[in-house]
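Notes follow once the structure below has been shown.
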2 protein chains.
Amino acid sequence: MAISILNETDLRNIIRMDQESLTAVEEGFAKLSAGLAEVPPILQLMVPENNGELDVKTAYIKGMDSFAVKIAAGFLNNHEIGLSTGSGMMILINSVTGFPKAILLDNGYLTDVRTGLAGAIAAKYLAPEHVKIAGVIGSGIQSRFQIEALYLVRKFLRLLVFGIIPEDVQIYAEEMRQKLGVEVFIADSYEQVVRESQVVVTTTPSTKAFIKSNWLHAGLHITCMGADSANKQEIFSDVFKHVDRIVCDNKAQCLRLGELSHAINDGIINSTTDITEIGELILGMKPGRKNVDEVTICDLTGVGVQDTAIARLAYHKACEKSLGIHI
Amino acid sequence: MAISILNETDLRNIIRMDQESLTAVEEGFAKLSAGLAEVPPILQLMVPENNGELDVKTAYIKGMDSFAVKIAAGFLNNHEIGLSTGSGMMILINSVTGFPKAILLDNGYLTDVRTGLAGAIAAKYLAPEHVKIAGVIGSGIQSRFQIEALYLVRKFLRLLVFGIIPEDVQIYAEEMRQKLGVEVFIADSYEQVVRESQVVVTTTPSTKAFIKSNWLHAGLHITCMGADSANKQEIFSDVFKHVDRIVCDNKAQCLRLGELSHAINDGIINSTTDITEIGELILGMKPGRKNVDEVTICDLTGVGVQDTAIARLAYHKACEKSLGIHI
């Protein structure tokens with residue numbers, strides 16, 4: 001049984017940060033919240049000697065003829081030897097036989113896209129309709145993908161960025177200015193970003209919270225995508241006491257691994273707190289932003305349904321174009 | 001960064017059921033019981049519509065420059081369309097960077113070998129020194145690999161087999177007769193196999209126990225490898241009350257997913273029960289068989305250290321012979 005192997009160049013050519021990819025990922029979240037997805041807990045392996053972590057995610061969506069198993073590694077020492085922190089691949093499995101159909105050697109690209117799109121989907125339903133200033137914390141890969149994705153759904157005029165490595169922030173600002181054609185300003189502090197923006201995306205691997213509740217203001221939406229394991233945190237847990245709406249990608253997972261894990265451990269939220277999943281917004285089971293003043297937050301940890309959605313789209317498009325090698 | 005891709009034919013040529021492979025897997029178990037392995041819980045995805053299950057296992061062994069992530073699928077309807085139940089692949093990851101080094105498209109072969117070898121290692125330390133009759137329950141793939149592996153460590157004269165599909169058992173008997181050059185007899189019942197053999201290996205995907213405690217006899221060793229999820233069971237749990245020694249591959253995992261999960265749920269064993277890991281036998285931390293009369297049992301669920309061990313050996317040998325393609 002032949003297996004298609006697609007390389008990163010092919011995958012970058014066929015999968016773009018666009019409406020088609022967004023629709024695919026939306027469908028994944030919708031199936032999740034409709035109870036049509038099997039999403040086992042993430043397999044997490046730590047390699048502490050090398051400051052590394054490897055995660056495996058998967059999700060089977062009922063009725064779909066294939067699903068993805070995604071391997072994603074993050075090794076923080078890599079930059080010392082000139083390598084990117086993240087790497088990985090996706091394996092597309094036949095849902096009927098369990099046999100592999102394709103190996104997507106995306107080196108993390110598809111994860112970057114589907115993660116950015118989750119942020120865009122959160123903003124699509126929760127951000128104010130008109131966003132003048134968008135803010136981003138961090139200047140790494142995801143700060144790029146998140147903001148590019150956000151621009152799909154909100155044509156903001158100005159981007160405000162803050163990060164702890166000034167040179168990286170400079171490069172980031174120049175890149176985004178060229179890519180999106182918007183004004184990009186470098187902020188002096190986390191606080192400035194939050195106070196001046198209508199949408200804020202936090203994209204750091206921080207293990208210490210930095211977003212404070214007294215910076216919140218009417219009409220703000222925050223998407224926090226950095227924390228995806230219990231030791232990471234970007235948002236002080238009391239922020240969750242001061243927002244009007246708490247949304248997340250996968251409730252069970254966020255309560256275990258996301259910002260919500262800190263909020264529940266600190267007693268800020270509990271099992272009766274109203275927490276909405278993105279999929280419920282997509283399905284119309286719960287409303288999006290209710291008014292211009294609402295303060296909303298969305299906690300993202302990354303769910304296997306996103307991988308299955310984007311891997312299936314990539315495979316479908318690769319077949320159409322007869323890309324890849326067959327082994 | 002190039003990734004080596006090895007196909008099943010290459011892997012079958014370089015990895016054999018032999019002493020070299022056994023030594024590699026032994027080393028994996030030894031590292032596990034020495035506390036030198038990170039083994040996260042297995043990721044298990046169920047696809048009930050298609051009678052399928054997909055497992056992902058991994059283990060990082062401290063100090064080793066690579067580790068495996070293994071995807072193994074078992075889809076029980078496959079035989080209806082002429083496909084094997086099992087499939088899968090291993091991905092070898094660089095322990096320093098997290099980047100993939102090699103993809104081993106073994107289609108489950110390496111898993112079959114390392115699983116057979118776990119049985120052989122159990123028998124090496126626990127079976128009577130002289131085994132006249134070996135018994136096997138089941139006539140699928142693992143009943144072949146288990147018995148071939150067992151023959152590496154115990155040169156039994158006769159094999160007794162029982163299975164529920166008579167035609168398959170016939171084929172099995174003929175195959176093993178030719179392969180090992182031993183007498184092979186087809187038993188009339190589970191009971192006959194257990195009563196007449198000195199070593200019994202159970203290799204079925206059964207969800208109902210069939211091995212009874214009143215069939216046990218002095219000088220018997222049982223290896224049960226079928227049950228690797230909480231719904232599977234081959235051994236009535238009271239058997240564990242009537243054996244002299246309980247051994248397993250990974251205590252935490254067997255108590256959750258193996259025969260031991262039923263024994264603990266039924267109150268036959270508890271947290272104070274003396275349970276030995278195979279690795280402790282290998283390291284000499286605990287003795288193997290103590291006398292000719294001892295009745296011993298070993299519960300196998302399959303551990304990521306076996307995959308890491310066999311995948312590393314395969315990659316090493318492939319590099320030596322310049323096999324595989326590079327992408």
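Within each chain, counting starts at residue 1; across the structure tokens, chains are named A, B, ... in the order shown, with ligands numbered 1 upward in that order.
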
If we count only C-alpha atoms and set the cut-off at 8 Å, which residues sit around segment 19-34 of chain A, ignoring sequence neighbours fewer than 6 positions away in its own chain? Please answer as a list in words.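 The neighbour list is Ile61, Arg114, Leu117, Ala118, Ile121, Leu152, Asp249, Glu277, Ile278, Gly279, Glu280, Ile282, Leu283, Val305, Gln306, Thr308, Ala309, Ile310 and Leu313 of chain A.
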
Show me, as a list of chain:residue names, the residues that have an atom within 12 Å of Pro128 of chain A when counting only C-alpha atoms, minus same-chain residues fewer than 4 positions from it.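 In the requested format, the answer is A:Ala122, A:Ala123, A:Lys124, A:Lys132, A:Ile133, A:Ala134, A:Val153, A:Arg154, A:Lys155, A:Phe156, A:Ser197, A:Gln198, A:Val199, A:Val200, A:Ala218, A:Gly219, A:Leu220, A:His221, A:Ile222, A:Gly288, A:Arg289, A:Lys290, A:Asn291, A:Val292, A:Asp293, A:Glu294, A:Val295, A:Thr296.
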
Chain A residues near chain B within 7 Å, closest pair each, using only C-alpha atoms, as CSV:
```
residue,atom,partner,partner_atom,distance
A:Pro40,CA,B:Leu45,CA,6.0
A:Pro41,CA,B:Leu43,CA,6.9
A:Ile42,CA,B:Leu43,CA,6.9
A:Leu43,CA,B:Leu43,CA,5.6
A:Gln44,CA,B:Pro40,CA,6.5
A:Leu45,CA,B:Pro40,CA,6.0
A:Asn50,CA,B:Val96,CA,5.8
A:Ala73,CA,B:Gly98,CA,5.4
A:Gly74,CA,B:Gly98,CA,6.7
A:Phe75,CA,B:Thr97,CA,5.8
A:Asn78,CA,B:Thr97,CA,6.1
A:Ser87,CA,B:Phe99,CA,5.8
A:Gly88,CA,B:Phe99,CA,6.8
A:Val96,CA,B:Asn50,CA,5.8
A:Thr97,CA,B:Phe75,CA,5.8
A:Gly98,CA,B:Ala73,CA,5.3
A:Phe99,CA,B:Ser87,CA,5.8
```

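Atom CA of Leu11 of chain B is positioned 11.5 Å from atom CA of Lys321 of chain B.
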
DSSP on the backbone, strand (DSSP E or B) only: what residues of segment 140-327 of chain B does that give? Format it as number ranges by chain. B: 158-162, 183-186, 199-202, 211, 221-224, 235, 245-248, 275-277, 296-299, 325-326

Computed interatomic separation between atom CA of Arg245 of chain A and atom CA of Gly35 of chain A (Å):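 About the pair atom CA of Arg245 of chain A and atom CA of Gly35 of chain A: they are 22.0 Å apart.
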
Need to verify the contact set: Asp274 of chain A, 12 Å, only C-alpha atoms, exclusion of same-chain residues closer than 2 positions in sequence. Can you return it as a PDB file with C-alpha atoms, in the first residue's frame?
```pdb
ATOM      1  CA  PHE A 240     -10.351  35.272  34.526  1.00  0.00           C
ATOM      2  CA  LYS A 241     -12.379  36.844  37.335  1.00  0.00           C
ATOM      3  CA  VAL A 243     -13.590  39.122  32.024  1.00  0.00           C
ATOM      4  CA  ASP A 244     -17.182  38.790  30.814  1.00  0.00           C
ATOM      5  CA  ARG A 245     -16.649  35.645  28.733  1.00  0.00           C
ATOM      6  CA  ILE A 246     -14.232  32.731  29.011  1.00  0.00           C
ATOM      7  CA  VAL A 247     -13.744  30.764  25.811  1.00  0.00           C
ATOM      8  CA  CYS A 248     -11.262  27.994  24.971  1.00  0.00           C
ATOM      9  CA  LYS A 251     -12.376  22.615  27.862  1.00  0.00           C
ATOM     10  CA  ILE A 269     -12.889  29.393  38.322  1.00  0.00           C
ATOM     11  CA  ASN A 270     -14.538  26.109  39.254  1.00  0.00           C
ATOM     12  CA  SER A 271     -16.617  23.344  37.723  1.00  0.00           C
ATOM     13  CA  THR A 272     -19.686  25.600  37.568  1.00  0.00           C
ATOM     14  CA  THR A 276     -17.497  28.220  26.071  1.00  0.00           C
ATOM     15  CA  GLU A 277     -15.659  26.176  23.433  1.00  0.00           C
ATOM     16  CA  LYS A 286     -23.523  30.046  22.019  1.00  0.00           C
TER      17      LYS A 286
END
```

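For the pair atom CA of Ala120 of chain B and atom CA of Tyr190 of chain B, the separation is 21.0 Å.
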
Check the DSSP output for the backbone and give back, as a PyMOL selection string, the residues of segment 157-283 of chain A in alpha helix (DSSP H). chain A and resi 166-180+190-196+251-257+259-265+278-282

Residue with smallest distance to Ala314 of chain B - pool B:Met17, B:Ala37, B:Ala2, B:Leu110, counting only C-alpha atoms: B:Leu110

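Residues surrounding Pro166 of chain A within 12 Å are A:Gly138, A:Ser139, A:Gly140, A:Val161, A:Phe162, A:Gly163, A:Val169, A:Gln170, A:Ile171, A:Tyr172, A:Ala173, A:Ile186, A:Ala187, A:Asp188, A:Ser189 [only C-alpha atoms; sequence separation below 3 positions excluded].
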